>>> print(open('coords_28.txt').read())   # compact mmCIF, C-alpha atoms and all ligand atoms
# COMPACT_ATOMS: atom_id res chain seq x y z
CA MET Y 95 -55.82 41.58 -2.24
CA ALA Y 96 -55.88 38.73 -4.75
CA GLU Y 97 -55.08 39.44 -8.41
CA PRO Y 98 -58.03 39.05 -10.76
CA GLY Y 99 -58.25 35.45 -11.87
CA SER Y 100 -55.89 34.18 -9.18
CA THR Y 101 -57.02 31.64 -6.60
CA GLU Y 102 -55.16 33.41 -3.80
CA PRO Y 103 -57.42 33.36 -0.70
CA THR Y 104 -58.61 36.70 0.66
CA THR Y 105 -57.83 37.50 4.26
CA ILE Y 106 -61.03 38.45 6.05
CA LEU Y 107 -59.45 39.03 9.47
CA ARG Y 108 -55.93 39.90 10.43
CA ALA Y 109 -54.86 40.71 13.99
CA ALA Y 110 -51.17 41.49 14.34
CA ASN Y 111 -48.81 42.16 17.25
CA ILE Y 112 -51.64 42.66 19.72
CA GLU Y 113 -50.73 43.78 23.20
CA ALA Y 114 -53.61 44.29 25.61
CA GLY Y 115 -54.72 43.74 29.17
CA TYR Y 116 -56.71 45.02 32.07
CA GLY Y 117 -55.57 48.04 34.08
CA ARG Y 118 -51.84 47.56 34.49
CA VAL Y 119 -51.96 43.81 33.94
CA GLN Y 120 -50.75 42.85 30.47
CA VAL Y 121 -52.35 39.67 29.11
CA LEU Y 122 -51.45 39.62 25.41
CA TRP Y 123 -47.83 39.95 24.32
CA GLY Y 124 -47.74 40.48 20.59
CA ALA Y 125 -50.41 37.91 19.68
CA GLY Y 126 -51.78 37.73 16.16
CA LEU Y 127 -53.79 35.51 13.84
CA GLN Y 128 -55.47 35.49 10.45
CA VAL Y 129 -58.67 34.06 9.03
CA GLN Y 130 -59.11 33.65 5.28
CA ASP Y 131 -62.43 33.85 3.52
CA ASN Y 132 -64.36 30.56 3.84
CA GLN Y 133 -61.91 29.33 6.46
CA SER Y 134 -62.64 27.92 9.89
CA VAL Y 135 -59.93 28.74 12.41
CA VAL Y 136 -59.62 27.37 15.94
CA LEU Y 137 -57.74 29.34 18.58
CA LEU Y 138 -56.73 26.70 21.08
CA GLY Y 139 -55.52 27.54 24.57
CA ALA Y 140 -55.85 26.54 28.21
CA ASN Y 141 -57.83 28.46 30.83
CA GLY Y 142 -56.34 31.89 31.27
CA ALA Y 143 -54.19 31.78 28.13
CA GLY Y 144 -55.83 34.99 26.92
CA LYS Y 145 -58.28 33.70 24.31
CA THR Y 146 -61.21 35.82 25.50
CA THR Y 147 -58.95 38.85 25.75
CA LEU Y 148 -57.76 38.42 22.15
CA LEU Y 149 -61.32 37.95 20.87
CA LYS Y 150 -62.45 41.05 22.74
CA VAL Y 151 -59.72 43.07 21.05
CA ILE Y 152 -60.74 41.61 17.68
CA VAL Y 153 -64.40 42.53 18.13
CA GLY Y 154 -63.68 45.90 19.74
CA LEU Y 155 -64.80 45.27 23.31
CA LEU Y 156 -61.31 45.90 24.68
CA PRO Y 157 -58.77 48.40 23.31
CA ALA Y 158 -55.48 47.17 21.87
CA TRP Y 159 -52.51 48.79 23.57
CA ARG Y 160 -50.41 47.98 20.53
CA GLY Y 161 -50.91 46.21 17.22
CA ALA Y 162 -53.63 46.33 14.59
CA VAL Y 163 -56.84 44.56 13.60
CA HIS Y 164 -57.92 44.48 9.95
CA LEU Y 165 -61.34 43.33 8.77
CA GLY Y 166 -61.04 42.72 5.06
CA PRO Y 167 -59.27 45.78 3.62
CA ASN Y 168 -60.17 48.05 6.56
CA GLU Y 169 -58.07 48.70 9.61
CA VAL Y 170 -60.68 48.57 12.39
CA THR Y 171 -58.39 48.75 15.45
CA THR Y 172 -60.14 51.81 16.89
CA TRP Y 173 -63.62 51.11 15.50
CA ARG Y 174 -66.49 50.54 17.91
CA THR Y 175 -67.96 47.05 18.01
CA ASP Y 176 -71.21 48.04 16.29
CA ARG Y 177 -69.29 49.41 13.32
CA ARG Y 178 -67.39 46.12 13.01
CA VAL Y 179 -70.67 44.21 13.21
CA ARG Y 180 -72.15 46.35 10.43
CA ARG Y 181 -69.12 45.38 8.34
CA GLY Y 182 -69.75 41.68 8.74
CA MET Y 183 -68.29 40.53 12.06
CA ALA Y 184 -70.51 38.72 14.55
CA TYR Y 185 -69.51 37.74 18.06
CA MET Y 186 -70.84 35.07 20.37
CA SER Y 187 -69.57 35.52 23.91
CA GLU Y 188 -69.37 32.63 26.36
CA ILE Y 189 -72.84 33.63 27.64
CA GLY Y 190 -74.16 34.23 24.15
CA VAL Y 191 -77.80 35.14 24.82
CA PHE Y 192 -79.97 37.42 26.98
CA PRO Y 193 -81.82 35.01 29.30
CA GLY Y 194 -84.53 37.58 30.12
CA LEU Y 195 -85.49 37.98 26.45
CA SER Y 196 -87.44 35.55 24.29
CA ILE Y 197 -85.86 33.54 21.47
CA GLU Y 198 -87.37 35.94 18.93
CA GLU Y 199 -86.15 39.01 20.84
CA ASN Y 200 -82.64 37.56 21.03
CA LEU Y 201 -82.64 37.10 17.26
CA ARG Y 202 -83.84 40.67 16.80
CA VAL Y 203 -80.97 41.91 18.99
CA GLY Y 204 -78.56 39.85 16.91
CA GLY Y 205 -79.95 41.35 13.72
CA GLN Y 206 -80.34 44.90 15.03
CA PHE Y 207 -78.03 46.41 12.42
CA ILE Y 208 -79.75 44.73 9.51
CA GLU Y 209 -82.09 46.87 7.48
CA ARG Y 210 -85.58 46.71 8.94
CA SER Y 211 -87.16 45.60 5.70
CA THR Y 212 -84.95 42.51 5.47
CA LEU Y 213 -84.70 41.58 9.16
CA ARG Y 214 -87.95 39.57 9.19
CA HIS Y 215 -86.78 37.57 6.20
CA ARG Y 216 -83.36 37.01 7.76
CA ILE Y 217 -84.89 35.80 11.03
CA GLU Y 218 -87.04 33.30 9.12
CA GLU Y 219 -83.89 32.06 7.34
CA VAL Y 220 -82.23 31.55 10.72
CA TYR Y 221 -85.30 29.70 12.03
CA ALA Y 222 -85.08 27.41 9.00
CA ASP Y 223 -81.58 26.44 10.14
CA PHE Y 224 -82.73 25.99 13.75
CA PRO Y 225 -86.22 24.43 13.61
CA ASP Y 226 -86.26 23.68 17.36
CA LEU Y 227 -86.00 27.41 18.04
CA ALA Y 228 -88.68 28.21 15.47
CA GLN Y 229 -91.14 26.10 17.42
CA ARG Y 230 -90.56 28.06 20.61
CA ARG Y 231 -90.21 31.65 19.38
CA GLY Y 232 -91.88 33.22 22.40
CA ALA Y 233 -90.04 31.16 25.04
CA LEU Y 234 -87.59 32.96 27.30
CA ALA Y 235 -83.96 32.16 26.48
CA GLY Y 236 -83.48 31.56 30.20
CA SER Y 237 -85.95 28.67 30.07
CA LEU Y 238 -83.90 26.75 27.47
CA SER Y 239 -81.49 23.92 28.25
CA GLY Y 240 -77.76 24.68 28.07
CA GLY Y 241 -77.49 23.08 24.64
CA GLN Y 242 -80.49 24.94 23.21
CA ARG Y 243 -79.22 28.17 24.67
CA LYS Y 244 -75.93 27.67 22.85
CA MET Y 245 -77.82 27.02 19.62
CA LEU Y 246 -79.68 30.28 20.20
CA GLY Y 247 -76.36 32.04 20.79
CA ILE Y 248 -75.15 30.82 17.40
CA ALA Y 249 -78.48 31.70 15.75
CA LYS Y 250 -78.41 35.16 17.33
CA ALA Y 251 -74.93 35.81 15.95
CA LEU Y 252 -76.00 34.55 12.52
CA ALA Y 253 -79.02 36.88 12.49
CA SER Y 254 -76.72 39.69 11.36
CA SER Y 255 -75.74 37.70 8.20
CA PRO Y 256 -72.05 37.84 9.13
CA ARG Y 257 -69.10 37.20 6.84
CA LEU Y 258 -67.09 36.20 9.90
CA LEU Y 259 -68.44 34.47 13.00
CA VAL Y 260 -66.26 34.89 16.09
CA MET Y 261 -67.10 32.54 18.96
CA ASP Y 262 -65.77 32.37 22.50
CA GLU Y 263 -65.78 28.81 23.87
CA PRO Y 264 -68.96 27.43 22.36
CA SER Y 265 -68.39 24.31 24.51
CA ALA Y 266 -68.53 26.27 27.79
CA GLY Y 267 -70.92 24.67 30.25
CA LEU Y 268 -72.06 21.91 27.87
CA SER Y 269 -72.11 18.15 28.36
CA PRO Y 270 -70.20 16.09 25.73
CA LEU Y 271 -73.50 15.23 24.03
CA PHE Y 272 -74.36 18.89 23.47
CA VAL Y 273 -70.76 19.68 22.49
CA GLY Y 274 -71.19 17.12 19.70
CA GLN Y 275 -74.43 18.77 18.59
CA VAL Y 276 -72.84 22.23 18.51
CA ILE Y 277 -69.94 20.89 16.43
CA GLU Y 278 -72.42 19.28 14.05
CA VAL Y 279 -74.31 22.55 13.56
CA LEU Y 280 -71.12 24.54 13.07
CA SER Y 281 -69.82 22.02 10.56
CA ARG Y 282 -72.87 22.74 8.40
CA PHE Y 283 -72.03 26.44 8.34
CA ARG Y 284 -68.41 25.63 7.68
CA ALA Y 285 -69.45 23.52 4.70
CA ALA Y 286 -71.54 26.46 3.47
CA GLY Y 287 -68.35 28.56 3.45
CA LEU Y 288 -68.89 30.78 6.49
CA ALA Y 289 -65.58 32.06 7.89
CA MET Y 290 -65.29 31.26 11.61
CA LEU Y 291 -62.90 31.99 14.43
CA ILE Y 292 -63.52 29.69 17.39
CA ALA Y 293 -61.67 30.10 20.69
CA GLU Y 294 -61.68 26.79 22.54
CA GLN Y 295 -59.85 24.60 25.00
CA ASN Y 296 -61.79 21.52 23.91
CA VAL Y 297 -59.79 19.67 21.23
CA ALA Y 298 -63.02 18.16 19.84
CA PHE Y 299 -63.45 21.47 18.00
CA LEU Y 300 -60.33 20.72 15.96
CA ASP Y 301 -62.70 18.69 13.77
CA LEU Y 302 -63.85 22.06 12.46
CA ALA Y 303 -60.39 23.56 11.94
CA ASP Y 304 -58.86 24.40 8.57
CA ARG Y 305 -56.14 26.14 10.54
CA VAL Y 306 -55.15 26.18 14.21
CA PHE Y 307 -53.42 28.79 16.35
CA THR Y 308 -52.42 27.96 19.90
CA LEU Y 309 -52.25 30.66 22.53
CA ASP Y 310 -50.12 30.24 25.61
CA GLY Y 311 -49.33 32.94 28.15
CA GLY Y 312 -50.69 35.62 25.81
CA ARG Y 313 -48.44 34.56 22.91
CA ILE Y 314 -49.16 32.54 19.79
CA ARG Y 315 -47.05 29.38 20.01
CA PHE Y 316 -48.23 27.47 16.95
CA ASP Y 317 -49.86 28.28 13.61
CA GLY Y 318 -50.62 25.43 11.23
CA SER Y 319 -52.89 22.53 10.35
CA VAL Y 320 -54.40 20.01 12.76
CA ALA Y 321 -52.08 17.34 11.32
CA GLU Y 322 -49.04 19.53 12.01
CA LEU Y 323 -50.25 20.18 15.55
CA GLN Y 324 -50.69 16.45 16.17
CA ALA Y 325 -47.27 15.68 14.70
CA ASP Y 326 -45.54 17.93 17.21
CA ASP Y 327 -44.81 15.83 20.31
CA GLY Y 328 -44.69 18.72 22.76
CA LEU Y 329 -47.91 20.32 21.50
CA HIS Y 330 -49.59 16.93 21.30
CA ARG Y 331 -48.81 16.29 24.96
CA THR Y 332 -50.00 19.77 25.96
CA TYR Y 333 -53.32 19.67 24.15
CA PHE Y 334 -54.21 16.00 23.86
CA GLY Y 335 -52.75 14.68 27.13
CA LEU Y 336 -50.57 11.60 27.29
CA ALA Y 337 -53.17 9.14 26.10
P1 LIG X 1 -60.85 31.08 29.93
O1 LIG X 1 -60.94 29.79 29.21
O2 LIG X 1 -60.72 30.90 31.40
O3 LIG X 1 -61.89 32.08 29.53
P2 LIG X 1 -58.98 32.62 28.37
O4 LIG X 1 -57.90 31.95 27.59
O5 LIG X 1 -60.16 33.12 27.63
O6 LIG X 1 -59.42 31.65 29.52
P3 LIG X 1 -58.80 35.28 29.40
O7 LIG X 1 -60.20 35.27 29.91
O8 LIG X 1 -58.49 36.11 28.22
O9 LIG X 1 -58.29 33.80 29.14
O10 LIG X 1 -57.87 35.70 30.62
C1 LIG X 1 -56.48 35.89 30.49
C2 LIG X 1 -55.93 36.48 31.77
O11 LIG X 1 -56.52 37.75 31.98
C3 LIG X 1 -56.23 35.65 33.00
O12 LIG X 1 -55.09 35.67 33.83
C4 LIG X 1 -57.37 36.39 33.65
O13 LIG X 1 -57.34 36.24 35.04
C5 LIG X 1 -57.08 37.83 33.27
N1 LIG X 1 -58.32 38.61 33.18
C6 LIG X 1 -59.39 38.32 32.42
N2 LIG X 1 -60.34 39.27 32.56
C7 LIG X 1 -59.87 40.17 33.42
C8 LIG X 1 -60.37 41.40 33.97
N3 LIG X 1 -61.57 41.88 33.64
N4 LIG X 1 -59.57 42.06 34.85
C9 LIG X 1 -58.36 41.58 35.18
N5 LIG X 1 -57.81 40.45 34.70
C10 LIG X 1 -58.55 39.75 33.84
>>> encode(input="coords_28.txt", output="structure tokens")
Amino acid sequence: MAEPGSTEPTTILRAANIEAGYGRVQVLWGAGLQVQDNQSVVLLGANGAGKTTLLKVIVGLLPAWRGAVHLGPNEVTTWRTDRRVRRGMAYMSEIGVFPGLSIEENLRVGGQFIERSTLRHRIEEVYADFPDLAQRRGALAGSLSGGQRKMLGIAKALASSPRLLVMDEPSAGLSPLFVGQVIEVLSRFRAAGLAMLIAEQNVAFLDLADRVFTLDGGRIRFDGSVAELQADDGLHRTYFGLA
């Protein structure tokens, strides 16, 4: 915790020494990361590196075999997901939305833990950030284009007024044009000071990163700035190719 008057950043999320997997298959081998208040963190890793698994442990959808997750001052390692959401964590999975529900219904699901009296107001705030969605409130999420669906996924997560937005591969299934649009939207929330943890394999998302962790074989290999990542020849080759 920061001393009064100090400018020390507050850690909003800390995952440490996480071991986890599926059945008898271990995927994470002591992985950990931190997100500070107002910070945007990218967790970079190839297919199968364990990004989704680590996010699931962080949001409480998969138990940690070892290690601990802290949300602000609270250790939440054994908390159910809904309790973490009530304390300010929001999660956007790779799928992100319920295709069989309307835009409005998806937002209501996202904001389900918000007090009833303020939910309407919150949903209108979210619509103000996503005017295209506001125009089509009754449309089924399944009828939206891939890019719009991703926007709805972000809007749905934001409906809970999170302090920390955790996103699993927001680029999944999107053309480069839509990837650019998603990055643009997220950069607005970054500028507004929302703390974000974004798991990605697309290096374009490094534009949003105040800090980068790379995950490889279930272990964190690198923790630093984008400039430091680019300055490391080996990591540069791994993540940016030889070009
Ligand atoms: P991707 O970009 O493909 O989503 P990722 O970095 O998110 O990759 P994970 O989805 O966490 O990686 O997968 C890590 C490893 O765990 C992979 O070897 C994967 O096959 C395995 N795995 C993932 N889900 C399960 C599951 N439900 N049961 C068994 N193994 C799984």
>>> closest_atom_pairs(input="coords_28.txt", of="chain Y", to="ligand LIG 1 (chain X)", cutoff="8 Å", atoms="all atoms listed in the file", output="CSV")
residue,atom,partner,partner_atom,distance
Y:Gly115,CA,X:LIG1,O11,6.9
Y:Tyr116,CA,X:LIG1,C9,4.9
Y:Gly117,CA,X:LIG1,C9,7.1
Y:Val119,CA,X:LIG1,N5,6.8
Y:Gln120,CA,X:LIG1,O11,7.8
Y:Val121,CA,X:LIG1,O11,5.4
Y:Gly139,CA,X:LIG1,O4,5.9
Y:Ala140,CA,X:LIG1,O4,5.8
Y:Asn141,CA,X:LIG1,O1,3.8
Y:Gly142,CA,X:LIG1,O9,3.5
Y:Ala143,CA,X:LIG1,O4,3.8
Y:Gly144,CA,X:LIG1,O8,3.2
Y:Lys145,CA,X:LIG1,O4,3.7
Y:Thr146,CA,X:LIG1,O5,3.6
Y:Thr147,CA,X:LIG1,O8,3.7
Y:Leu148,CA,X:LIG1,O8,6.5
Y:Asp262,CA,X:LIG1,O5,7.6
Y:Glu263,CA,X:LIG1,O1,7.3
Y:Ala293,CA,X:LIG1,O5,7.7
Y:Glu294,CA,X:LIG1,O1,7.4
Y:Gln295,CA,X:LIG1,O1,6.8
Y:Leu309,CA,X:LIG1,O4,7.7
Y:Gly312,CA,X:LIG1,C1,7.4
>>> atom_distance(input="coords_28.txt", atom1="atom CA of Gln128 of chain Y", atom2="atom CA of Gly267 of chain Y")
27.3 Å
>>> residues_around(input="coords_28.txt", residues="Gly204 of chain Y", least_positions_apart="3", cutoff="7 Å", atoms="only C-alpha atoms", output="short mmCIF file (atom, residue, chain, number, x, y, z; two decimals) with C-alpha atoms, keeping the file's coordinate frame")
data_model
loop_
_atom_site.label_atom_id
_atom_site.label_comp_id
_atom_site.auth_asym_id
_atom_site.auth_seq_id
_atom_site.Cartn_x
_atom_site.Cartn_y
_atom_site.Cartn_z
CA ASN Y 200 -82.64 37.56 21.03
CA LEU Y 201 -82.64 37.10 17.26
CA LYS Y 250 -78.41 35.16 17.33
CA ALA Y 251 -74.93 35.81 15.95
CA ALA Y 253 -79.02 36.88 12.49
CA SER Y 254 -76.72 39.69 11.36
#
>>> atom_distance(input="coords_28.txt", atom1="atom CA of Leu137 of chain Y", atom2="atom CA of Val179 of chain Y")
20.4 Å
>>> residues_near_point(input="coords_28.txt", point="(-70.7, 29.4, 20.5)", cutoff="10 Å", atoms="all atoms listed in the file", output="PyMOL selection string")
chain Y and resi 185-190+243-249+251+259-266+273+276-277+280+292-294
>>> closest_residue(input="coords_28.txt", among="Y:Leu149, Y:Leu107, Y:Arg178, Y:His215", to="Val163 of chain Y", atoms="all atoms listed in the file")
Y:Leu107
>>> closest_residue(input="coords_28.txt", among="Y:Gly335, Y:Gly311, Y:Gly232, Y:Pro225", to="Trp123 of chain Y", atoms="all atoms listed in the file")
Y:Gly311
>>> closest_residue(input="coords_28.txt", among="Y:Gln242, Y:Ile152, Y:Ala286, Y:Tyr221", to="Leu268 of chain Y", atoms="all atoms listed in the file")
Y:Gln242
>>> closest_residue(input="coords_28.txt", among="Y:Ala233, Y:Leu252, Y:Leu291, Y:Val203", to="Arg216 of chain Y", atoms="only C-alpha atoms")
Y:Leu252
>>> closest_residue(input="coords_28.txt", among="Y:Met290, Y:Phe316, Y:Phe224, Y:Ala235", to="Ser196 of chain Y", atoms="only C-alpha atoms")
Y:Ala235
>>> atom_distance(input="coords_28.txt", atom1="atom CA of Gly154 of chain Y", atom2="atom CA of Arg177 of chain Y")
9.2 Å
>>> closest_residue(input="coords_28.txt", among="Y:Leu238, Y:Ala289, Y:Val191, Y:Ala228", to="Pro103 of chain Y", atoms="only C-alpha atoms")
Y:Ala289
>>> residues_near_point(input="coords_28.txt", point="(-66.3, 26.0, -2.1)", cutoff="12 Å", atoms="all atoms listed in the file", output="ChimeraX atom specification")
/Y:101,103,131-133,283-289
>>> decode(input="coords_28.txt", residues="segment 291-318 of chain Y", atoms="N, CA and C atoms", output="PDB file, in the first residue's frame")
ATOM      1  N   LEU Y 291      -5.707  -5.796 -18.447  1.00  0.00           N
ATOM      2  CA  LEU Y 291      -4.798  -6.915 -18.688  1.00  0.00           C
ATOM      3  C   LEU Y 291      -5.280  -7.589 -19.965  1.00  0.00           C
ATOM      4  N   ILE Y 292      -4.437  -7.567 -20.992  1.00  0.00           N
ATOM      5  CA  ILE Y 292      -4.837  -8.050 -22.315  1.00  0.00           C
ATOM      6  C   ILE Y 292      -3.922  -9.200 -22.727  1.00  0.00           C
ATOM      7  N   ALA Y 293      -4.495 -10.402 -22.850  1.00  0.00           N
ATOM      8  CA  ALA Y 293      -3.708 -11.536 -23.343  1.00  0.00           C
ATOM      9  C   ALA Y 293      -3.802 -11.533 -24.864  1.00  0.00           C
ATOM     10  N   GLU Y 294      -2.670 -11.578 -25.530  1.00  0.00           N
ATOM     11  CA  GLU Y 294      -2.661 -11.479 -26.992  1.00  0.00           C
ATOM     12  C   GLU Y 294      -1.467 -12.213 -27.593  1.00  0.00           C
ATOM     13  N   GLN Y 295      -1.621 -12.587 -28.858  1.00  0.00           N
ATOM     14  CA  GLN Y 295      -0.444 -13.028 -29.610  1.00  0.00           C
ATOM     15  C   GLN Y 295      -0.142 -12.028 -30.720  1.00  0.00           C
ATOM     16  N   ASN Y 296      -1.043 -11.069 -30.889  1.00  0.00           N
ATOM     17  CA  ASN Y 296      -0.889 -10.063 -31.939  1.00  0.00           C
ATOM     18  C   ASN Y 296      -0.091  -8.872 -31.378  1.00  0.00           C
ATOM     19  N   VAL Y 297       1.115  -8.659 -31.934  1.00  0.00           N
ATOM     20  CA  VAL Y 297       1.987  -7.607 -31.386  1.00  0.00           C
ATOM     21  C   VAL Y 297       1.432  -6.198 -31.604  1.00  0.00           C
ATOM     22  N   ALA Y 298       0.402  -6.059 -32.460  1.00  0.00           N
ATOM     23  CA  ALA Y 298      -0.201  -4.730 -32.644  1.00  0.00           C
ATOM     24  C   ALA Y 298      -0.724  -4.197 -31.312  1.00  0.00           C
ATOM     25  N   PHE Y 299      -1.107  -5.095 -30.410  1.00  0.00           N
ATOM     26  CA  PHE Y 299      -1.659  -4.663 -29.119  1.00  0.00           C
ATOM     27  C   PHE Y 299      -0.600  -4.071 -28.198  1.00  0.00           C
ATOM     28  N   LEU Y 300       0.676  -4.221 -28.581  1.00  0.00           N
ATOM     29  CA  LEU Y 300       1.734  -3.605 -27.763  1.00  0.00           C
ATOM     30  C   LEU Y 300       1.610  -2.090 -27.763  1.00  0.00           C
ATOM     31  N   ASP Y 301       0.889  -1.543 -28.754  1.00  0.00           N
ATOM     32  CA  ASP Y 301       0.626  -0.094 -28.768  1.00  0.00           C
ATOM     33  C   ASP Y 301      -0.080   0.346 -27.482  1.00  0.00           C
ATOM     34  N   LEU Y 302      -0.782  -0.605 -26.865  1.00  0.00           N
ATOM     35  CA  LEU Y 302      -1.572  -0.263 -25.673  1.00  0.00           C
ATOM     36  C   LEU Y 302      -0.810  -0.528 -24.382  1.00  0.00           C
ATOM     37  N   ALA Y 303       0.420  -1.066 -24.496  1.00  0.00           N
ATOM     38  CA  ALA Y 303       1.071  -1.631 -23.304  1.00  0.00           C
ATOM     39  C   ALA Y 303       1.951  -0.639 -22.546  1.00  0.00           C
ATOM     40  N   ASP Y 304       1.640  -0.446 -21.263  1.00  0.00           N
ATOM     41  CA  ASP Y 304       2.561   0.252 -20.369  1.00  0.00           C
ATOM     42  C   ASP Y 304       3.604  -0.730 -19.858  1.00  0.00           C
ATOM     43  N   ARG Y 305       3.225  -2.004 -19.859  1.00  0.00           N
ATOM     44  CA  ARG Y 305       4.121  -3.048 -19.381  1.00  0.00           C
ATOM     45  C   ARG Y 305       3.768  -4.344 -20.110  1.00  0.00           C
ATOM     46  N   VAL Y 306       4.778  -5.143 -20.388  1.00  0.00           N
ATOM     47  CA  VAL Y 306       4.563  -6.388 -21.130  1.00  0.00           C
ATOM     48  C   VAL Y 306       5.104  -7.559 -20.320  1.00  0.00           C
ATOM     49  N   PHE Y 307       4.350  -8.653 -20.309  1.00  0.00           N
ATOM     50  CA  PHE Y 307       4.865  -9.935 -19.817  1.00  0.00           C
ATOM     51  C   PHE Y 307       4.797 -10.894 -20.992  1.00  0.00           C
ATOM     52  N   THR Y 308       5.806 -11.715 -21.176  1.00  0.00           N
ATOM     53  CA  THR Y 308       5.662 -12.767 -22.183  1.00  0.00           C
ATOM     54  C   THR Y 308       5.547 -14.113 -21.470  1.00  0.00           C
ATOM     55  N   LEU Y 309       4.697 -14.937 -22.042  1.00  0.00           N
ATOM     56  CA  LEU Y 309       4.445 -16.266 -21.475  1.00  0.00           C
ATOM     57  C   LEU Y 309       4.872 -17.289 -22.514  1.00  0.00           C
ATOM     58  N   ASP Y 310       5.629 -18.266 -22.060  1.00  0.00           N
ATOM     59  CA  ASP Y 310       6.182 -19.260 -22.967  1.00  0.00           C
ATOM     60  C   ASP Y 310       6.237 -20.579 -22.203  1.00  0.00           C
ATOM     61  N   GLY Y 311       5.514 -21.580 -22.727  1.00  0.00           N
ATOM     62  CA  GLY Y 311       5.534 -22.881 -22.043  1.00  0.00           C
ATOM     63  C   GLY Y 311       5.055 -22.796 -20.598  1.00  0.00           C
ATOM     64  N   GLY Y 312       4.102 -21.900 -20.331  1.00  0.00           N
ATOM     65  CA  GLY Y 312       3.545 -21.811 -18.980  1.00  0.00           C
ATOM     66  C   GLY Y 312       4.415 -21.072 -17.986  1.00  0.00           C
ATOM     67  N   ARG Y 313       5.471 -20.414 -18.491  1.00  0.00           N
ATOM     68  CA  ARG Y 313       6.363 -19.632 -17.619  1.00  0.00           C
ATOM     69  C   ARG Y 313       6.502 -18.217 -18.160  1.00  0.00           C
ATOM     70  N   ILE Y 314       6.614 -17.253 -17.244  1.00  0.00           N
ATOM     71  CA  ILE Y 314       6.880 -15.879 -17.660  1.00  0.00           C
ATOM     72  C   ILE Y 314       8.360 -15.783 -18.035  1.00  0.00           C
ATOM     73  N   ARG Y 315       8.614 -15.310 -19.260  1.00  0.00           N
ATOM     74  CA  ARG Y 315      10.004 -15.209 -19.731  1.00  0.00           C
ATOM     75  C   ARG Y 315      10.520 -13.780 -19.649  1.00  0.00           C
ATOM     76  N   PHE Y 316       9.625 -12.814 -19.759  1.00  0.00           N
ATOM     77  CA  PHE Y 316      10.043 -11.420 -19.835  1.00  0.00           C
ATOM     78  C   PHE Y 316       9.012 -10.552 -19.118  1.00  0.00           C
ATOM     79  N   ASP Y 317       9.512  -9.538 -18.442  1.00  0.00           N
ATOM     80  CA  ASP Y 317       8.648  -8.552 -17.770  1.00  0.00           C
ATOM     81  C   ASP Y 317       9.333  -7.203 -17.943  1.00  0.00           C
ATOM     82  N   GLY Y 318       8.724  -6.299 -18.697  1.00  0.00           N
ATOM     83  CA  GLY Y 318       9.360  -5.001 -18.893  1.00  0.00           C
ATOM     84  C   GLY Y 318       8.549  -4.126 -19.829  1.00  0.00           C
TER      85      GLY Y 318
END
